[in-house]
Amino acid sequence: MNSNELIKAVKLVTKEKNISEDVIYDGLTLALTTAYKKNFDSKTNVIVRINRETGDIKVYSYLVVVPEIDEGSESVDEEGNTINIPPEINIDAQILLEDAIKIDPNAKVGETIEVEVTPKDFGRVAAGTAKQVLTQKIREAEKESIINEFNDKEGEVMVGMVALEDQKNYYIDLGRTRGMLPKSEIIPGEKITMGSNIKVYLTKVTLGAKGPVIMLSRKHYGFVKRLFEQEIPEIINGTIEIYAVVREPGIRCKVAVYSNNPKIDAIGSCIGEKGCRIAGVLKELGDERIDLVLYNDDPAEFIKNAMVPAKDAIVNILDEKEKKALVIVSDDNLSLAIGKKGSNIKLASRLTHYYLEIKTLSQVNEEGNK
């Protein structure tokens, strides 16, 4: 890589990867300085300068003019003034005034003079180093670009192809990079087919040792929320709003919805004619049941609605401050109210933020007769 090629390469990388020229040249300068010290001279008092117009690279040895060589951190000029010598200026970086005058007749104590020390074959080392730095900067820019791109998509649903699988994860091809879908984050019981397209919820973007790490999930409650937004136009335009979503992945989820327009049937709009709208969500979740719950400002009414599929529940608020409530259901609705492995009552409690105690009418009547 000659001087002209270096300039063209820097400008190309700057344009295509949106990297500042200053960042590239700073990286080149540091790398070339290190390369010079490693291959030609171990002394610390060297600086590399790159001409940004011609691409010429030259190495200079810088020397601080002192009245006498001093290993300490201070010296004194001919007028008795104290001159502080920076810690990084060691003996190799000091030059006596009498020697400095031979190089620069106008040299004075405390000033710095430079002497070019560019080796004849430094071009070969510079070319190799420049290629390494440019490659590194390109990789760093691509990593940063991916991070910036996917940061904006955190909390969104994306479609990718199942590309790889190992013992703990599936790796989903998202275009510019691959996301990691842990097997612990798939819906229990679902089968993932290699090479198939799959919807995933982007939970987190971080920069790992080997590059960007895109974490994905299909168990996150946000996955269901985004699926509803994709299927129900009224949610996107704000006519219908989602109050909350709670899930027991693979078993059941509850979605509380409402509309500020009294003419809008929030639940009916989400279901659609003959279930056409909610069908897309149901298909994506497999055997997981979805309960649409009408949100209500009245805690008792909201809890009653949240007990679906149990019907005609009677709700008594026991302690509004402590958020405790008693739910009374008919005997034949008890199993529906509790749900598989207690899922229904647990989800209703999480959705409404109330601790729910459940009893049957028979139990209440028996307690009343005692």
# chains A, B, ... in the order shown; residues from 1 in each chain; ligands from 1

$ closest_atom_pairs --of "stretch 136-173 of chain A" --to "stretch 20-42 of chain A" --cutoff "10 Å" --atoms "only C-alpha atoms" --output "CSV"
residue,atom,partner,partner_atom,distance
A:Gln136,CA,A:Gly27,CA,9.4
A:Lys137,CA,A:Ile24,CA,7.0
A:Ile138,CA,A:Ile24,CA,9.7

$ closest_atom_pairs --of "stretch 152-245 of chain A" --to "stretch 294-302 of chain A" --cutoff "9 Å" --atoms "only C-alpha atoms" --output "JSON lines"
{"residue": "A:Ile242", "atom": "CA", "partner": "A:Tyr295", "partner_atom": "CA", "distance": 8.8}
{"residue": "A:Tyr243", "atom": "CA", "partner": "A:Tyr295", "partner_atom": "CA", "distance": 7.0}
{"residue": "A:Ala244", "atom": "CA", "partner": "A:Tyr295", "partner_atom": "CA", "distance": 8.9}

$ residues_around --residues "stretch 272-279 of chain A" --least-positions-apart "3" --cutoff "7 Å" --atoms "only C-alpha atoms" --output "list in words"
Glu231, Ile232, Gly268, Ser269, Leu282 and Lys283 of chain A

$ write_last_selection --atoms "N, CA and C atoms" --output "mmCIF file, in the first residue's frame"
data_model
loop_
_atom_site.group_PDB
_atom_site.id
_atom_site.type_symbol
_atom_site.label_atom_id
_atom_site.label_comp_id
_atom_site.auth_asym_id
_atom_site.auth_seq_id
_atom_site.Cartn_x
_atom_site.Cartn_y
_atom_site.Cartn_z
ATOM 1 N N GLU A 231 -51.566 -7.407 14.452
ATOM 2 C CA GLU A 231 -52.824 -7.950 13.922
ATOM 3 C C GLU A 231 -53.999 -6.996 14.063
ATOM 4 N N ILE A 232 -53.949 -6.068 15.028
ATOM 5 C CA ILE A 232 -55.104 -5.204 15.320
ATOM 6 C C ILE A 232 -54.769 -3.747 14.999
ATOM 7 N N GLY A 268 -64.234 -7.374 21.040
ATOM 8 C CA GLY A 268 -64.735 -7.813 19.739
ATOM 9 C C GLY A 268 -63.822 -7.410 18.597
ATOM 10 N N SER A 269 -63.260 -6.185 18.686
ATOM 11 C CA SER A 269 -62.352 -5.714 17.639
ATOM 12 C C SER A 269 -61.070 -6.540 17.599
ATOM 13 N N LEU A 282 -52.983 -16.526 17.779
ATOM 14 C CA LEU A 282 -53.165 -17.897 18.246
ATOM 15 C C LEU A 282 -52.251 -18.869 17.496
ATOM 16 N N LYS A 283 -52.119 -18.654 16.203
ATOM 17 C CA LYS A 283 -51.258 -19.527 15.388
ATOM 18 C C LYS A 283 -49.810 -19.439 15.845
#

$ closest_atom_pairs --of "stretch 245-295 of chain A" --to "stretch 198-222 of chain A" --cutoff "10 Å" --atoms "only C-alpha atoms" --output "JSON lines"
{"residue": "A:Val245", "atom": "CA", "partner": "A:Tyr221", "partner_atom": "CA", "distance": 6.1}
{"residue": "A:Val246", "atom": "CA", "partner": "A:Tyr221", "partner_atom": "CA", "distance": 6.0}
{"residue": "A:Arg247", "atom": "CA", "partner": "A:Tyr221", "partner_atom": "CA", "distance": 5.9}
{"residue": "A:Glu248", "atom": "CA", "partner": "A:Lys219", "partner_atom": "CA", "distance": 8.4}
{"residue": "A:Pro249", "atom": "CA", "partner": "A:Lys219", "partner_atom": "CA", "distance": 5.6}
{"residue": "A:Gly250", "atom": "CA", "partner": "A:Lys219", "partner_atom": "CA", "distance": 8.3}
{"residue": "A:Cys253", "atom": "CA", "partner": "A:Tyr221", "partner_atom": "CA", "distance": 8.4}
{"residue": "A:Lys254", "atom": "CA", "partner": "A:Tyr221", "partner_atom": "CA", "distance": 9.7}
{"residue": "A:Val255", "atom": "CA", "partner": "A:Tyr221", "partner_atom": "CA", "distance": 9.6}
{"residue": "A:Glu284", "atom": "CA", "partner": "A:Lys199", "partner_atom": "CA", "distance": 8.1}
{"residue": "A:Leu285", "atom": "CA", "partner": "A:Arg218", "partner_atom": "CA", "distance": 8.7}

$ write_last_selection --atoms "N, CA and C atoms" --output "JSON list (two decimals), in the first residue's frame"
[["chain", "number", "residue", "atom", "x", "y", "z"],
["A", 245, "VAL", "N", -50.30, -7.17, 29.84],
["A", 245, "VAL", "CA", -50.23, -8.56, 29.35],
["A", 245, "VAL", "C", -49.49, -9.38, 30.39],
["A", 246, "VAL", "N", -50.05, -10.53, 30.75],
["A", 246, "VAL", "CA", -49.36, -11.47, 31.64],
["A", 246, "VAL", "C", -49.43, -12.85, 31.00],
["A", 247, "ARG", "N", -48.39, -13.66, 31.25],
["A", 247, "ARG", "CA", -48.29, -14.96, 30.57],
["A", 247, "ARG", "C", -47.80, -16.07, 31.49],
["A", 248, "GLU", "N", -48.30, -17.25, 31.22],
["A", 248, "GLU", "CA", -47.67, -18.50, 31.61],
["A", 248, "GLU", "C", -47.37, -19.17, 30.28],
["A", 249, "PRO", "N", -46.18, -18.94, 29.70],
["A", 249, "PRO", "CA", -45.90, -19.39, 28.33],
["A", 249, "PRO", "C", -46.24, -20.86, 28.10],
["A", 250, "GLY", "N", -46.94, -21.09, 27.01],
["A", 250, "GLY", "CA", -47.32, -22.45, 26.64],
["A", 250, "GLY", "C", -48.62, -22.90, 27.27],
["A", 253, "CYS", "N", -52.30, -16.94, 28.53],
["A", 253, "CYS", "CA", -51.94, -15.53, 28.75],
["A", 253, "CYS", "C", -53.23, -14.72, 28.80],
["A", 254, "LYS", "N", -53.16, -13.61, 29.51],
["A", 254, "LYS", "CA", -54.30, -12.70, 29.62],
["A", 254, "LYS", "C", -53.88, -11.33, 29.11],
["A", 255, "VAL", "N", -54.72, -10.77, 28.25],
["A", 255, "VAL", "CA", -54.45, -9.46, 27.66],
["A", 255, "VAL", "C", -55.60, -8.53, 28.03],
["A", 284, "GLU", "N", -49.37, -18.24, 16.20],
["A", 284, "GLU", "CA", -47.98, -18.03, 16.61],
["A", 284, "GLU", "C", -47.70, -18.64, 17.99],
["A", 285, "LEU", "N", -48.71, -18.67, 18.85],
["A", 285, "LEU", "CA", -48.53, -19.16, 20.22],
["A", 285, "LEU", "C", -48.84, -20.63, 20.38]]

$ closest_residue --among "A:Glu234, A:Asp56, A:Glu190, A:Glu357" --to "A:Gly286" --atoms "only C-alpha atoms"
A:Glu190

$ residues_around --residues "A:Leu6" --least-positions-apart "5" --cutoff "9 Å" --atoms "only C-alpha atoms" --output "list in words"
Met1, Lys11, Gly55, Ala127, Ala130 and Lys131 of chain A

$ select_by_dssp --residues "stretch 123-344 of chain A" --states "helix (DSSP H, G or I)" --output "ChimeraX atom specification"
/A:123-151,183-185,221-231,233-236,266-271,273-275,278-285,299-306,331-338,340-344

$ atom_distance --atom1 "atom CA of A:Thr112" --atom2 "atom CA of A:Val64"
4.5 Å

$ residues_around --residues "A:Gly342" --least-positions-apart "6" --cutoff "12 Å" --atoms "only C-alpha atoms" --output "ChimeraX atom specification"
/A:248,251-252,307,334-336,348-349,356,358

$ write_last_selection --atoms "N, CA and C atoms" --output "PDB file, in the first residue's frame"
ATOM      1  N   GLU A 248     -48.299 -17.246  31.220  1.00  0.00           N
ATOM      2  CA  GLU A 248     -47.666 -18.504  31.607  1.00  0.00           C
ATOM      3  C   GLU A 248     -47.371 -19.170  30.278  1.00  0.00           C
ATOM      4  N   ILE A 251     -49.100 -22.156  28.284  1.00  0.00           N
ATOM      5  CA  ILE A 251     -50.338 -22.542  28.968  1.00  0.00           C
ATOM      6  C   ILE A 251     -51.436 -21.511  28.713  1.00  0.00           C
ATOM      7  N   ARG A 252     -51.228 -20.289  29.180  1.00  0.00           N
ATOM      8  CA  ARG A 252     -52.280 -19.278  29.073  1.00  0.00           C
ATOM      9  C   ARG A 252     -51.676 -17.881  29.194  1.00  0.00           C
ATOM     10  N   MET A 307     -61.190 -13.031  35.659  1.00  0.00           N
ATOM     11  CA  MET A 307     -61.386 -14.444  36.012  1.00  0.00           C
ATOM     12  C   MET A 307     -61.834 -15.298  34.837  1.00  0.00           C
ATOM     13  N   LEU A 334     -65.391 -23.593  39.476  1.00  0.00           N
ATOM     14  CA  LEU A 334     -64.174 -23.547  40.291  1.00  0.00           C
ATOM     15  C   LEU A 334     -62.941 -23.971  39.507  1.00  0.00           C
ATOM     16  N   SER A 335     -63.034 -25.075  38.771  1.00  0.00           N
ATOM     17  CA  SER A 335     -61.866 -25.561  38.027  1.00  0.00           C
ATOM     18  C   SER A 335     -61.440 -24.569  36.961  1.00  0.00           C
ATOM     19  N   LEU A 336     -62.417 -23.900  36.336  1.00  0.00           N
ATOM     20  CA  LEU A 336     -62.075 -22.883  35.326  1.00  0.00           C
ATOM     21  C   LEU A 336     -61.427 -21.669  35.982  1.00  0.00           C
ATOM     22  N   ALA A 348     -54.699 -13.892  36.818  1.00  0.00           N
ATOM     23  CA  ALA A 348     -55.669 -12.855  37.181  1.00  0.00           C
ATOM     24  C   ALA A 348     -55.113 -11.973  38.300  1.00  0.00           C
ATOM     25  N   SER A 349     -54.424 -12.589  39.235  1.00  0.00           N
ATOM     26  CA  SER A 349     -53.809 -11.846  40.329  1.00  0.00           C
ATOM     27  C   SER A 349     -52.715 -10.911  39.814  1.00  0.00           C
ATOM     28  N   LEU A 356     -55.632 -12.669  45.355  1.00  0.00           N
ATOM     29  CA  LEU A 356     -56.990 -13.182  45.209  1.00  0.00           C
ATOM     30  C   LEU A 356     -57.175 -14.487  45.970  1.00  0.00           C
ATOM     31  N   ILE A 358     -59.906 -17.479  46.585  1.00  0.00           N
ATOM     32  CA  ILE A 358     -61.046 -17.995  45.844  1.00  0.00           C
ATOM     33  C   ILE A 358     -61.824 -19.003  46.678  1.00  0.00           C
TER      34      ILE A 358
END

$ select_by_dssp --residues "stretch 222-357 of chain A" --states "strand (DSSP E)" --output "ChimeraX atom specification"
/A:241-248,252-258,289-294,314-319,324-329,355-357

$ write_last_selection --atoms "C-alpha atoms" --output "CSV table (one decimal), in the first residue's frame"
chain,number,residue,atom,x,y,z
A,241,GLU,CA,-55.2,0.3,24.1
A,242,ILE,CA,-53.5,-2.6,25.9
A,243,TYR,CA,-53.5,-2.1,29.6
A,244,ALA,CA,-51.3,-5.1,30.5
A,245,VAL,CA,-50.2,-8.6,29.3
A,246,VAL,CA,-49.4,-11.5,31.6
A,247,ARG,CA,-48.3,-15.0,30.6
A,248,GLU,CA,-47.7,-18.5,31.6
A,252,ARG,CA,-52.3,-19.3,29.1
A,253,CYS,CA,-51.9,-15.5,28.7
A,254,LYS,CA,-54.3,-12.7,29.6
A,255,VAL,CA,-54.4,-9.5,27.7
A,256,ALA,CA,-56.3,-6.6,29.2
A,257,VAL,CA,-57.7,-4.1,26.7
A,258,TYR,CA,-60.0,-1.1,26.6
A,289,ARG,CA,-54.7,-20.0,25.4
A,290,ILE,CA,-55.4,-16.3,25.2
A,291,ASP,CA,-57.9,-14.6,27.5
A,292,LEU,CA,-59.1,-11.1,26.4
A,293,VAL,CA,-60.0,-9.1,29.5
A,294,LEU,CA,-61.9,-5.8,29.5
A,314,ILE,CA,-68.6,-12.3,42.7
A,315,VAL,CA,-65.8,-10.1,43.9
A,316,ASN,CA,-65.5,-8.6,47.4
A,317,ILE,CA,-62.6,-6.2,48.0
A,318,LEU,CA,-61.3,-7.2,51.4
A,319,ASP,CA,-58.5,-4.6,51.7
A,324,LYS,CA,-56.7,-8.2,48.8
A,325,ALA,CA,-59.9,-9.6,47.4
A,326,LEU,CA,-62.2,-12.5,47.7
A,327,VAL,CA,-63.5,-14.2,44.5
A,328,ILE,CA,-66.6,-16.3,44.8
A,329,VAL,CA,-67.6,-18.7,42.0
A,355,TYR,CA,-54.0,-11.0,46.0
A,356,LEU,CA,-57.0,-13.2,45.2
A,357,GLU,CA,-58.6,-15.7,47.6

$ atom_distance --atom1 "atom CA of A:Met158" --atom2 "atom CA of A:Asp287"
21.3 Å

$ atom_distance --atom1 "atom CA of A:Gln132" --atom2 "atom CA of A:Val13"
13.1 Å

$ closest_residue --among "A:Asn261, A:Gly280, A:Gly189, A:Lys183" --to "A:Gln230" --atoms "only C-alpha atoms"
A:Gly280

$ closest_residue --among "A:Asn305, A:Leu134, A:Lys58, A:Asn333" --to "A:Thr14" --atoms "only C-alpha atoms"
A:Leu134

$ residues_around --residues "A:Leu97" --least-positions-apart "6" --cutoff "9 Å" --atoms "only C-alpha atoms" --output "list in words"
Val65, Val66, Pro67, Glu68, Ala107, Lys108 and Val109 of chain A

$ write_last_selection --atoms "all heavy atoms" --output "PDB file, in the first residue's frame"
ATOM      1  N   VAL A  65      15.137  20.105  25.222  1.00  0.00           N
ATOM      2  CA  VAL A  65      16.422  20.769  25.456  1.00  0.00           C
ATOM      3  C   VAL A  65      16.584  21.054  26.950  1.00  0.00           C
ATOM      4  O   VAL A  65      15.735  21.698  27.569  1.00  0.00           O
ATOM      5  CB  VAL A  65      16.517  22.082  24.656  1.00  0.00           C
ATOM      6  CG1 VAL A  65      17.878  22.740  24.874  1.00  0.00           C
ATOM      7  CG2 VAL A  65      16.273  21.822  23.168  1.00  0.00           C
ATOM      8  N   VAL A  66      17.682  20.544  27.506  1.00  0.00           N
ATOM      9  CA  VAL A  66      17.953  20.728  28.942  1.00  0.00           C
ATOM     10  C   VAL A  66      19.393  21.213  29.124  1.00  0.00           C
ATOM     11  O   VAL A  66      20.261  20.946  28.286  1.00  0.00           O
ATOM     12  CB  VAL A  66      17.751  19.405  29.727  1.00  0.00           C
ATOM     13  CG1 VAL A  66      16.293  18.963  29.683  1.00  0.00           C
ATOM     14  CG2 VAL A  66      18.663  18.316  29.194  1.00  0.00           C
ATOM     15  N   PRO A  67      19.661  21.923  30.242  1.00  0.00           N
ATOM     16  CA  PRO A  67      21.037  22.389  30.495  1.00  0.00           C
ATOM     17  C   PRO A  67      21.947  21.239  30.903  1.00  0.00           C
ATOM     18  O   PRO A  67      23.155  21.295  30.701  1.00  0.00           O
ATOM     19  CB  PRO A  67      20.857  23.401  31.617  1.00  0.00           C
ATOM     20  CG  PRO A  67      19.600  22.994  32.308  1.00  0.00           C
ATOM     21  CD  PRO A  67      18.710  22.438  31.239  1.00  0.00           C
ATOM     22  N   GLU A  68      21.353  20.197  31.492  1.00  0.00           N
ATOM     23  CA  GLU A  68      22.111  19.003  31.847  1.00  0.00           C
ATOM     24  C   GLU A  68      21.163  17.811  31.901  1.00  0.00           C
ATOM     25  O   GLU A  68      19.975  17.959  32.202  1.00  0.00           O
ATOM     26  CB  GLU A  68      22.811  19.188  33.194  1.00  0.00           C
ATOM     27  CG  GLU A  68      21.868  19.457  34.357  1.00  0.00           C
ATOM     28  CD  GLU A  68      22.594  19.627  35.671  1.00  0.00           C
ATOM     29  OE1 GLU A  68      23.401  18.730  35.979  1.00  0.00           O
ATOM     30  OE2 GLU A  68      22.373  20.640  36.356  1.00  0.00           O
ATOM     31  N   ALA A 107      17.633  26.955  19.215  1.00  0.00           N
ATOM     32  CA  ALA A 107      17.105  26.119  20.301  1.00  0.00           C
ATOM     33  C   ALA A 107      17.342  26.767  21.652  1.00  0.00           C
ATOM     34  O   ALA A 107      18.371  27.399  21.881  1.00  0.00           O
ATOM     35  CB  ALA A 107      17.753  24.751  20.244  1.00  0.00           C
ATOM     36  N   LYS A 108      16.370  26.613  22.538  1.00  0.00           N
ATOM     37  CA  LYS A 108      16.466  27.133  23.902  1.00  0.00           C
ATOM     38  C   LYS A 108      16.071  26.046  24.894  1.00  0.00           C
ATOM     39  O   LYS A 108      15.323  25.123  24.559  1.00  0.00           O
ATOM     40  CB  LYS A 108      15.544  28.342  24.070  1.00  0.00           C
ATOM     41  CG  LYS A 108      15.930  29.550  23.220  1.00  0.00           C
ATOM     42  CD  LYS A 108      14.960  30.699  23.453  1.00  0.00           C
ATOM     43  CE  LYS A 108      15.347  31.912  22.600  1.00  0.00           C
ATOM     44  NZ  LYS A 108      14.399  33.042  22.807  1.00  0.00           N
ATOM     45  N   VAL A 109      16.586  26.180  26.115  1.00  0.00           N
ATOM     46  CA  VAL A 109      16.255  25.218  27.166  1.00  0.00           C
ATOM     47  C   VAL A 109      14.743  25.208  27.409  1.00  0.00           C
ATOM     48  O   VAL A 109      14.110  26.262  27.494  1.00  0.00           O
ATOM     49  CB  VAL A 109      17.004  25.561  28.473  1.00  0.00           C
ATOM     50  CG1 VAL A 109      16.498  24.687  29.626  1.00  0.00           C
ATOM     51  CG2 VAL A 109      18.498  25.387  28.291  1.00  0.00           C
TER      52      VAL A 109
END
